[in-house]
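To start, the structure under review is shown below, and the notes come after it.
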Amino acid sequence: MSDFYNTIVENNGMVKYVVGASQIKYTILDELMENAGIKVKRDVCLHIDANAIFYRFYRNKNLTELSRMDFDIAVRDCVVSVMNVIAHYRKYIATHLHADNSILVYYNTNPPTYQRMFYKDYMKKHYDNMSINNKDYGHITEYVLASIRYIKSLIAYVTNAYWIDTGSIDVYAAIAANIMYGKEDRTNIILSKNVLLSQLINTDCFQIYPNRDKSYLITYDTLYSNGILNGYKSIKAENKMSAAMLPFIWALGGCKDIELKPSSYTTGIVSAIKLFNTLLSDGKLSGTVSLSKIIEEIISLAESSKVKYIHTDKDGTEDLMNRYRITCLPLAVSAISRDQLITLEKSKINIFDQNGFEALNETLSNQGDILIEITSLNMNKSDRS
């Protein structure tokens with residue numbers, strides 16, 4: 001390991017290092033925004049998938065050092081570091097994008113009911129790792145959950161910033177619900193490493209894929225090239241391909257971000273794209289086409305293809321329907337009950353007590369060497385307001 005890495009660990013700063021790595025430099029963000037020609041509206045809502053913050057906790061290479069940390073120190077550092085990640089992006093939106101802003105943070109360690117109904121192994125490894133009963137990571141999840149409980153009490157003091165309780169709702173469906181049912185006259189920005197969310201992208205919604213200096217944007221113009229086909233140079237999607245087609249492609253070709261393997265009709269994303277390119281060029285998807293009709297066309301074309309992709313265990317129409325159900329976020333949103341939507345809304349509560357917030361921050365600072373960036377956290381208004 002590097003001397004820099006060892007110094008961090010020796011100073012009990014491992015958690016700060018792991019969480020802080022999810023902050024993209026402003027210079028990188030500026031370059032990405034400029035190159036993509038991003039123009040945001042006066043009001044911006046940032047949706048943070050907290051898996052993009054916590055996923056490094058569940059890496060084998062970090063496990064030993066994280067396991068050595070004192071529980072209380074780990075919780076304290078996690079709380080302060082996560083709050084400062086939120087502050088980092090809020091300050092960027094206010095001072096670089098010059099927009100008023102709201103921030104919603106989503107996280108859930110419980111498998112979602114709807115998706116598991118149609119696919120029992122939906123994100124199985126992901127949720128197994130986050131179980132408090134996991135022999136390797138159970139203690140990690142315990143202090144992550146302890147940190148979140150503290151964060152919830154703190155974030156309530158931050159205007160228009162909320163930690164969303166998703167309950168049994170899939171995190172990605174919850175993000176989709178808040179975008180679909182949110183204000184129309186705003187720009188939605190999604191911070192996530194899960195490309196499943198790219199199906200929500202339109203001219204007023206884009207995704208930031210955080211990867212330090214290699215971070216990138218998935219926008220309306222780069223929906224396929226930077227999204228589902230990122231890393232694939234041998235194939236391009238037809239110009240007619242829209243965001244609405246993405247769930248079909250994942251249903252066929254699989255989606256590693258939700259641990260969905262390819263169907264029996266393809267070897268993966270590339271062959272799924274080839275099938276859809278053919279369907280589009282043949283005019284099979286023109287006009288209003290029902291879900292069942294599209295699946296019939298897919299099966300017919302796959303079975304008649306010169307390249308035989310079909311495995312021994314063939315997926316039937318219902319199997320493909322179920323795969324579509326777990327990859328199509330608008331469909332998942334339509335399955336959210338009224339009571340569940342009310343629960344999501346109940347997470348959006350603020351306590352307007354700045355003195356109380358500063359007192360809590362002071363308590364944390366007495367136990368460690370870092371403070372919550374309260375000034376940045378309070379930048380819910382554009383610097384040009």
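In the structure tokens, chains take the letters A, B, ... in the order shown, each chain's residues start at 1, and ligands count up from 1 in the order shown.
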
### Message
Would you pick out the contacts of region 283-299 of chain A at 8 Å or less, using only C-alpha atoms, so that residues sharing its chain but fewer than 4 positions from it are not included, and give the list as a PyMOL selection string?
### Response
chain A and resi 265+275-276+279+303+317+320-321

Residues from the last selection, C-alpha atoms, saved as a CSV table (one decimal), in the first residue's frame:
chain,number,residue,atom,x,y,z
A,265,TYR,CA,-31.9,-15.1,-26.5
A,275,LEU,CA,-31.7,-7.4,-32.3
A,276,PHE,CA,-33.3,-4.0,-31.6
A,279,LEU,CA,-36.4,-4.5,-35.3
A,303,GLU,CA,-35.3,-17.6,-33.0
A,317,THR,CA,-42.9,-14.9,-22.9
A,320,LEU,CA,-39.2,-11.9,-20.6
A,321,MET,CA,-42.2,-10.0,-19.2

### Task
Give me the residues within 6 Å of region 43-53 of chain A as a list in words, counting only C-alpha atoms and dropping any in the same chain fewer than 5 places off.
Val19, Ser22, Ala99, Asp100, Asn101, Ser102, Ile103, Leu104, Val105, Tyr106, Tyr107, Arg186, Thr187, Asn188, Ile189, Ile190, Leu191, Ser192 and Lys193 of chain A

### Query
Got a sec: who's within 12 Å of Lys120 (chain A), counting only C-alpha atoms, leaving out chain neighbours fewer than 2 positions off, as a count of residues only?
19

### Filtered DSSP result for region 113-259 of chain A, state strand (DSSP E), as a PyMOL selection string
chain A and resi 161-165+187-191+205-209+216-218

### For Ile235 (chain A): contacts at 9 Å, only C-alpha atoms, fewer than 5 positions along chain excluded, given as a ChimeraX atom specification
/A:229,270,273-274

Proximity of region 29-96 of chain A to region 148-160 of chain A: per-residue shortest pair, 10 Å limit, only C-alpha atoms, as a Markdown table:
| residue | atom | partner | partner_atom | distance |
| --- | --- | --- | --- | --- |
| A:Cys45 | CA | A:Asn160 | CA | 9.5 |
| A:Val75 | CA | A:Tyr150 | CA | 8.7 |
| A:Arg76 | CA | A:Tyr150 | CA | 8.9 |
| A:Cys78 | CA | A:Ile148 | CA | 8.7 |
| A:Val79 | CA | A:Ile151 | CA | 5.8 |
| A:Val80 | CA | A:Ile151 | CA | 8.3 |
| A:Val82 | CA | A:Ile151 | CA | 8.0 |
| A:Met83 | CA | A:Ile151 | CA | 7.3 |
| A:Ile86 | CA | A:Ile155 | CA | 9.7 |
| A:Ala87 | CA | A:Val158 | CA | 10.0 |

### Message
Residues of region 3-140 of chain A classed as alpha helix (DSSP H) by DSSP on the backbone are to be reported as a PyMOL selection string.
### Response
chain A and resi 3-10+14-20+26-36+51-54+60-68+71-95+113-118+124-129+138-140

### Message
Which residues are close to region 134-140 of chain A, i.e. within 8 Å by only C-alpha atoms, leaving aside same-chain residues fewer than 5 positions away? Reply as a PyMOL selection string.
### Response
chain A and resi 57-58+63+66-67+128-129

Can I get the selected residues back with C-alpha atoms, as a PDB file, in the first residue's frame?
ATOM      1  CA  PHE A  57     -17.232  -0.054   2.328  1.00  0.00           C
ATOM      2  CA  TYR A  58     -18.100  -3.389   0.730  1.00  0.00           C
ATOM      3  CA  LEU A  63     -12.430  -4.622   4.708  1.00  0.00           C
ATOM      4  CA  LEU A  66     -12.339  -0.718   8.218  1.00  0.00           C
ATOM      5  CA  SER A  67     -12.797  -3.676  10.571  1.00  0.00           C
ATOM      6  CA  ASP A 128     -26.616 -10.173   0.955  1.00  0.00           C
ATOM      7  CA  ASN A 129     -23.458  -8.136   1.533  1.00  0.00           C
TER       8      ASN A 129
END

### Message
Given only C-alpha atoms as the basis, pick out the residue of A:Asn350, A:Leu371, A:Lys261, A:Ala332 nearest to Ala173 (chain A).
### Response
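Among the listed residues, the smallest separation from Ala173 (chain A) belongs to A:Ala332.
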